[in-house]
Protein chains: 2
Amino acid sequence: MSMYAVGVDLGGTKTAAGVVSGDGEVLFSGTIPTLSRDGSAAILDATAALVAGLRDKTADAGIAVGRVGVGSAGVIDAAHGVVVSATDAIPGWAGTALTAGLAARLGLPASSVRAVNDVHAHALGEAWTGAAAGTSSSLLVAFGTGVGGSFVLDGKPVLGHRYAGGHVGHFASPYACFDGAPLPCVCGGAGHVEAIASGPAILESYRRLGGSSPAADTRAVFALAGSGDGVAAGVIGMAAAAAGQAVGGLANILDPEVVLVSGGLADAGERWWQPMETALRAELLPALTGIPVRPAALGNTAAVVGAARLVLEPAVSAPAGYSSAQTSRRN
Amino acid sequence: MSMYAVGVDLGGTKTAAGVVSGDGEVLFSGTIPTLSRDGSAAILDATAALVAGLRDKTADAGIAVGRVGVGSAGVIDAAHGVVVSATDAIPGWAGTALTAGLAARLGLPASSVRAVNDVHAHALGEAWTGAAAGTSSSLLVAFGTGVGGSFVLDGKPVLGHRYAGGHVGHFASPYACFDGAPLPCVCGGAGHVEAIASGPAILESYRRLGGSSPAADTRAVFALAGSGDGVAAGVIGMAAAAAGQAVGGLANILDPEVVLVSGGLADAGERWWQPMETALRAELLPALTGIPVRPAALGNTAAVVGAARLVLEPAVSAPAGYSSAQTSRRN
C-alpha cells in the first residue's frame, strides 16, 4: 500500500487539496475556488483536475498516489460517498455521488476514494497530527459562519447513524433569547447555540442591540469593540460565553481527553477566547477540572490531512457506528 | 467460557443481582438493601454474599458461574474497577476497590470481575436485549432522582476519558432559570438540565412557584396535577419540556440510531411523556426527523443484564476509549 494519499477539503467557497504522507506531512498542495454556482458535475470536474495535477507532480517525484480522501461541506453518507444534504452554499450538492464521481474522473477504483463531512475531516486531522495528537478521544468545536463539531473516539470521528452527528450548534442555549423569545436558528429551530454564538449571530446581535455604528460584517464588530464600542464588546463577550457554556456542557457529556476550539472566532484573539474559556470552565463538573482546552494547531490544512487519513489508515479511521451498522443490516 | 455470569446493580438504596445467560435471560435473582451507611467493606461483604448465594443456586442446577459484572452508583474507573467518586448517597464509596474487593471475597481471579457506572450498565442492558436491541448506537437518558445517560456505540458504552461520560444532566437549560438567575444544581454549578428536570427539581419548582397544597414529594406533585392543581400541572409540563429539549439537542449532537428515555419520570405516564416527546421532536434537525424515541423495556433488570454483559462478551462491551487510552499510555 502506498504511503501517500491526496486529501481534499471541499468547502462552499474554496477547495484545497494536498498530497499527504503516511506521517501526516503535506508534500504538495493547491487551492481552487469551489464552482458552487455551476452544479455538481462542474465541481467534480474541477476537483478531479486539482487532484490529477497533484498526482502528476507526485509522480514526477517518483511516487504513485492511488487513494483520495475528501472532507466535504454537507452531511456525507460515508458508507456510499454520497452527499445526503447540504446548505444553500452549494446548490444541488445534495444527492451528488461524490466518491464515485471523483473515482470515475480519476480512473481509480471506487474503493480508493472515501469522504466524510469537512468538520469530521478537520477533527480527524487534528486528532492525528494536530492539537489532539496522541489522545484517545477529542472533541473539536468550530465557531465561524456556523457552529460545528466532531467527537473523535479511538481515532474515528463519531459520524452518527444518519451521518448527522457533530451538529453541536443545534442544542438549546440560555443566551439564544431576546425579549423573552428564542432567537431563530438557520436550521429552522430556535434558541440554539448557533443562533447566538456564530460569527453572523454576533453581527445580528450588534444590530439588534442598537450598536451605534454601521457594521458591515462580524470583523467590523470586532474592530468596533477594539476601538471602545461597548455594545460591540458586549455582544462578542456574550457570544463567547454562550460558546464556552455550550462546549463545557458537551465536555461534561462526552468527557473527551482534550477539547479543541477552532474556527474564525477562535482565531480572533483574546477578546473572544478569554470569556469563552472562562464560561467553559465554569460549566465543568469537578471530574473534568483541568481538562486541556486548546486552539486547533493545523490551520487550514487540518481537513486536508484528516481527509487523507481516511484512506491512509482506513482500519483506524473507519467511521465509528458505520461498519457495525452495515454488519447488522447484513445479519 | 461459561455462558452465564452474575450481573449486579449496586445503587444507593438497594442492590440487585441476577444470574444472566449468554442470551440475556435472568435465571435467578435477588435483592438486598445497600448498607450505604455502614462503609465500603460492609457493602462489599453483603454484595459478595448475595452473589455467592446466586452462584450456589446455579451450581445446584449444574452450572458454574465464574464471572461477575457490576453496575455501580458513582463514577467508576472501569480499567481498575475502582470507585473514582460518588455522591453522599453512599458515604465513603469513593476510593473503593470494587472489583478487587468482590473478587477476593468470592475467591475469583480479579480479571473475572468488572464494573462500570450503573447508568452505563442500564444502557448496555437495553442495547443488548431491551428497547435498543439490534441497533448500532443508542442514547439512553434517565430522569429520576438525578439525570444521567449513556451513549452506547457499537455495543460499548462511551465511558469517557475520566470515566465521567454520560453526565447529560449537566449542561445548560434555558428552563433552569428563575427570576433571571440560573437555578443551583447539585453538581455545584447552576442552570443545568438536572436543576429543572429531575424528580426533586419538580418538587422544588412546585414549592418555588407557590403551589397551594403542601407536597411531601414528587409523587405528591403528580397526584395534585391529576386532581386539577394548575401549578402542579405547570411545573411537571415545564420539567418535561426541559427534559425533551435536552434530549433532542443531544440527539442532534450524537445522532444515535434510537433514543431511549427512562427513569421514574418516564414511568409516570403521559402527563410527563407527552410534553417531553413534543419538546424533543421540536428540537430535532430535519435529518433526525423520525428518530425512534422509546421508553426503556427491561425495567429494573436492565442494569443487572447490562452488568453481566460486561463479562459475558468482553470483546464487544469493553468500554470505548478505554483500551486505546491504556495502549497510548504504554507507548
# chains A, B, ... in the order shown; residues from 1 in each chain; ligands from 1

call {"tool": "residues_around", "arguments": {"residues": "Ser138 (chain B)", "least_positions_apart": "5", "cutoff": "6 Å", "atoms": "only C-alpha atoms", "output": "PyMOL selection string"}}
result
chain B and resi 151-152+256-259

call {"tool": "write_last_selection", "arguments": {"atoms": "C-alpha atoms", "output": "short mmCIF file (atom, residue, chain, number, x, y, z; two decimals), in the first residue's frame"}}
result
data_model
loop_
_atom_site.label_atom_id
_atom_site.label_comp_id
_atom_site.auth_asym_id
_atom_site.auth_seq_id
_atom_site.Cartn_x
_atom_site.Cartn_y
_atom_site.Cartn_z
CA PHE B 151 -24.32 6.70 24.64
CA VAL B 152 -23.79 3.10 23.51
CA PRO B 256 -27.95 7.72 17.69
CA GLU B 257 -29.99 5.11 15.85
CA VAL B 258 -32.55 5.20 18.66
CA VAL B 259 -33.25 7.31 21.76
#

call {"tool": "interface_residues", "arguments": {"of": "chain B", "to": "chain A", "cutoff": "6 Å", "atoms": "only C-alpha atoms", "output": "PyMOL selection string"}}
result
chain B and resi 136+154+160-161+164-168+171+174+249+252-257+321+325

call {"tool": "residues_around", "arguments": {"residues": "region 104-117 of chain B", "least_positions_apart": "3", "cutoff": "10 Å", "atoms": "only C-alpha atoms", "output": "short mmCIF file (atom, residue, chain, number, x, y, z; two decimals) with C-alpha atoms, in the first residue's frame"}}
result
data_model
loop_
_atom_site.label_atom_id
_atom_site.label_comp_id
_atom_site.auth_asym_id
_atom_site.auth_seq_id
_atom_site.Cartn_x
_atom_site.Cartn_y
_atom_site.Cartn_z
CA ALA B 5 -22.46 -14.53 34.54
CA VAL B 6 -23.75 -12.73 37.58
CA GLY B 7 -24.81 -9.13 36.99
CA VAL B 8 -25.02 -6.75 39.94
CA ASP B 9 -26.85 -3.41 40.09
CA LEU B 10 -25.48 -1.60 43.12
CA GLY B 11 -27.45 1.56 43.92
CA LEU B 44 -18.78 -5.48 49.62
CA ASP B 45 -19.38 -8.24 52.19
CA THR B 47 -22.84 -7.90 47.87
CA ALA B 48 -20.44 -10.83 47.78
CA ALA B 49 -22.84 -12.85 49.94
CA VAL B 51 -23.58 -13.12 44.57
CA ALA B 52 -22.34 -16.25 46.36
CA ARG B 55 -23.75 -18.93 42.42
CA GLY B 66 -17.21 -17.69 37.41
CA ARG B 67 -17.64 -14.11 36.26
CA VAL B 68 -19.30 -11.09 37.80
CA GLY B 69 -20.20 -7.73 36.23
CA VAL B 70 -21.20 -4.77 38.34
CA GLY B 71 -23.06 -1.57 37.56
CA SER B 72 -22.45 0.71 40.49
CA ALA B 73 -23.54 4.15 41.64
CA GLY B 74 -20.73 6.66 41.27
CA VAL B 75 -18.05 7.37 38.70
CA ILE B 76 -16.30 4.05 38.13
CA ASP B 77 -12.80 3.60 36.72
CA ALA B 78 -13.60 0.63 34.52
CA ALA B 79 -9.93 -0.11 33.86
CA HIS B 80 -9.13 -0.71 37.51
CA GLY B 81 -12.59 -1.42 38.93
CA VAL B 82 -12.25 1.42 41.41
CA VAL B 83 -14.85 3.98 42.50
CA LEU B 98 -14.82 -2.54 43.93
CA THR B 99 -13.82 -5.35 41.60
CA ALA B 100 -10.75 -6.44 43.59
CA GLY B 101 -12.79 -6.43 46.80
CA HIS B 120 -23.88 2.71 31.62
CA ALA B 121 -24.87 -0.81 32.72
CA HIS B 122 -28.53 0.13 32.35
CA SER B 150 -25.17 6.77 28.33
CA PRO B 157 -20.92 2.50 26.40
CA LEU B 159 -17.36 5.92 29.30
CA TYR B 163 -14.97 7.74 33.21
CA ALA B 164 -17.21 10.81 33.61
CA GLY B 165 -19.00 10.47 30.28
CA GLY B 166 -22.79 10.37 30.37
CA ALA B 303 -28.57 -2.78 34.79
CA GLY B 306 -26.01 -4.95 31.20
CA ALA B 307 -23.55 -5.57 34.00
CA ALA B 308 -23.48 -9.27 33.14
CA LEU B 310 -19.65 -6.67 30.56
CA VAL B 311 -18.14 -10.05 31.35
CA PRO B 314 -15.98 -8.51 26.99
CA ALA B 318 -15.17 -3.29 26.53
CA PRO B 319 -15.62 0.36 27.22
#

call {"tool": "residues_around", "arguments": {"residues": "Leu312 (chain A)", "least_positions_apart": "5", "cutoff": "7 Å", "atoms": "only C-alpha atoms", "output": "ChimeraX atom specification"}}
result
/A:3-5,22

call {"tool": "write_last_selection", "arguments": {"atoms": "N, CA and C atoms", "output": "compact mmCIF listing (two decimals), in the first residue's frame"}}
result
# COMPACT_ATOMS: atom_id res chain seq x y z
N MET A 3 2.19 4.84 0.74
CA MET A 3 2.14 5.60 1.98
C MET A 3 1.75 7.06 1.75
N TYR A 4 1.15 7.30 0.59
CA TYR A 4 0.72 8.67 0.30
C TYR A 4 -0.73 8.67 -0.16
N ALA A 5 -1.42 9.75 0.13
CA ALA A 5 -2.79 9.89 -0.36
C ALA A 5 -3.05 11.37 -0.61
N GLY A 22 2.31 9.23 4.90
CA GLY A 22 1.85 8.37 6.00
C GLY A 22 2.16 8.94 7.37

call {"tool": "select_by_dssp", "arguments": {"residues": "region 23-229 of chain B", "states": "strand (DSSP E or B)", "output": "JSON, numbers by chain"}}
result
{"B": [26, 27, 28, 29, 30, 31, 32, 33, 68, 69, 70, 71, 72, 75, 76, 77, 82, 83, 84, 85, 97, 113, 114, 115, 116, 117, 137, 138, 139, 140, 141, 142, 143, 147, 148, 149, 150, 151, 152, 153, 156, 157, 158, 172, 177, 178, 181, 182, 184, 190, 192]}

call {"tool": "decode", "arguments": {"residues": "region 159-172 of chain B", "atoms": "N, CA and C atoms", "output": "PDB file, in the first residue's frame"}}
result
ATOM      1  N   LEU B 159     -17.560   5.627  27.871  1.00  0.00           N
ATOM      2  CA  LEU B 159     -17.363   5.924  29.296  1.00  0.00           C
ATOM      3  C   LEU B 159     -16.676   7.254  29.544  1.00  0.00           C
ATOM      4  N   GLY B 160     -15.922   7.711  28.566  1.00  0.00           N
ATOM      5  CA  GLY B 160     -15.200   8.972  28.751  1.00  0.00           C
ATOM      6  C   GLY B 160     -13.802   8.739  29.272  1.00  0.00           C
ATOM      7  N   HIS B 161     -12.934   9.728  29.016  1.00  0.00           N
ATOM      8  CA  HIS B 161     -11.516   9.574  29.340  1.00  0.00           C
ATOM      9  C   HIS B 161     -11.291   9.491  30.842  1.00  0.00           C
ATOM     10  N   ARG B 162     -12.129  10.189  31.624  1.00  0.00           N
ATOM     11  CA  ARG B 162     -12.023  10.170  33.090  1.00  0.00           C
ATOM     12  C   ARG B 162     -13.187   9.363  33.680  1.00  0.00           C
ATOM     13  N   TYR B 163     -13.796   8.536  32.827  1.00  0.00           N
ATOM     14  CA  TYR B 163     -14.974   7.743  33.208  1.00  0.00           C
ATOM     15  C   TYR B 163     -16.135   8.627  33.649  1.00  0.00           C
ATOM     16  N   ALA B 164     -16.144   9.880  33.223  1.00  0.00           N
ATOM     17  CA  ALA B 164     -17.205  10.811  33.613  1.00  0.00           C
ATOM     18  C   ALA B 164     -18.218  11.020  32.497  1.00  0.00           C
ATOM     19  N   GLY B 165     -18.066  10.322  31.388  1.00  0.00           N
ATOM     20  CA  GLY B 165     -19.002  10.470  30.279  1.00  0.00           C
ATOM     21  C   GLY B 165     -20.410  10.071  30.691  1.00  0.00           C
ATOM     22  N   GLY B 166     -21.402  10.697  30.064  1.00  0.00           N
ATOM     23  CA  GLY B 166     -22.792  10.367  30.374  1.00  0.00           C
ATOM     24  C   GLY B 166     -23.429  11.305  31.385  1.00  0.00           C
ATOM     25  N   HIS B 167     -22.688  12.332  31.803  1.00  0.00           N
ATOM     26  CA  HIS B 167     -23.284  13.301  32.725  1.00  0.00           C
ATOM     27  C   HIS B 167     -24.169  14.277  31.957  1.00  0.00           C
ATOM     28  N   VAL B 168     -25.223  13.738  31.374  1.00  0.00           N
ATOM     29  CA  VAL B 168     -26.056  14.538  30.480  1.00  0.00           C
ATOM     30  C   VAL B 168     -27.003  15.473  31.223  1.00  0.00           C
ATOM     31  N   GLY B 169     -26.988  15.438  32.544  1.00  0.00           N
ATOM     32  CA  GLY B 169     -27.810  16.384  33.300  1.00  0.00           C
ATOM     33  C   GLY B 169     -27.111  17.703  33.541  1.00  0.00           C
ATOM     34  N   HIS B 170     -25.849  17.784  33.131  1.00  0.00           N
ATOM     35  CA  HIS B 170     -25.056  18.953  33.492  1.00  0.00           C
ATOM     36  C   HIS B 170     -24.612  19.769  32.299  1.00  0.00           C
ATOM     37  N   PHE B 171     -25.596  20.133  31.494  1.00  0.00           N
ATOM     38  CA  PHE B 171     -25.374  21.201  30.523  1.00  0.00           C
ATOM     39  C   PHE B 171     -26.528  22.192  30.664  1.00  0.00           C
ATOM     40  N   ALA B 172     -26.336  23.357  30.062  1.00  0.00           N
ATOM     41  CA  ALA B 172     -27.247  24.464  30.329  1.00  0.00           C
ATOM     42  C   ALA B 172     -28.629  24.218  29.743  1.00  0.00           C
TER      43      ALA B 172
END
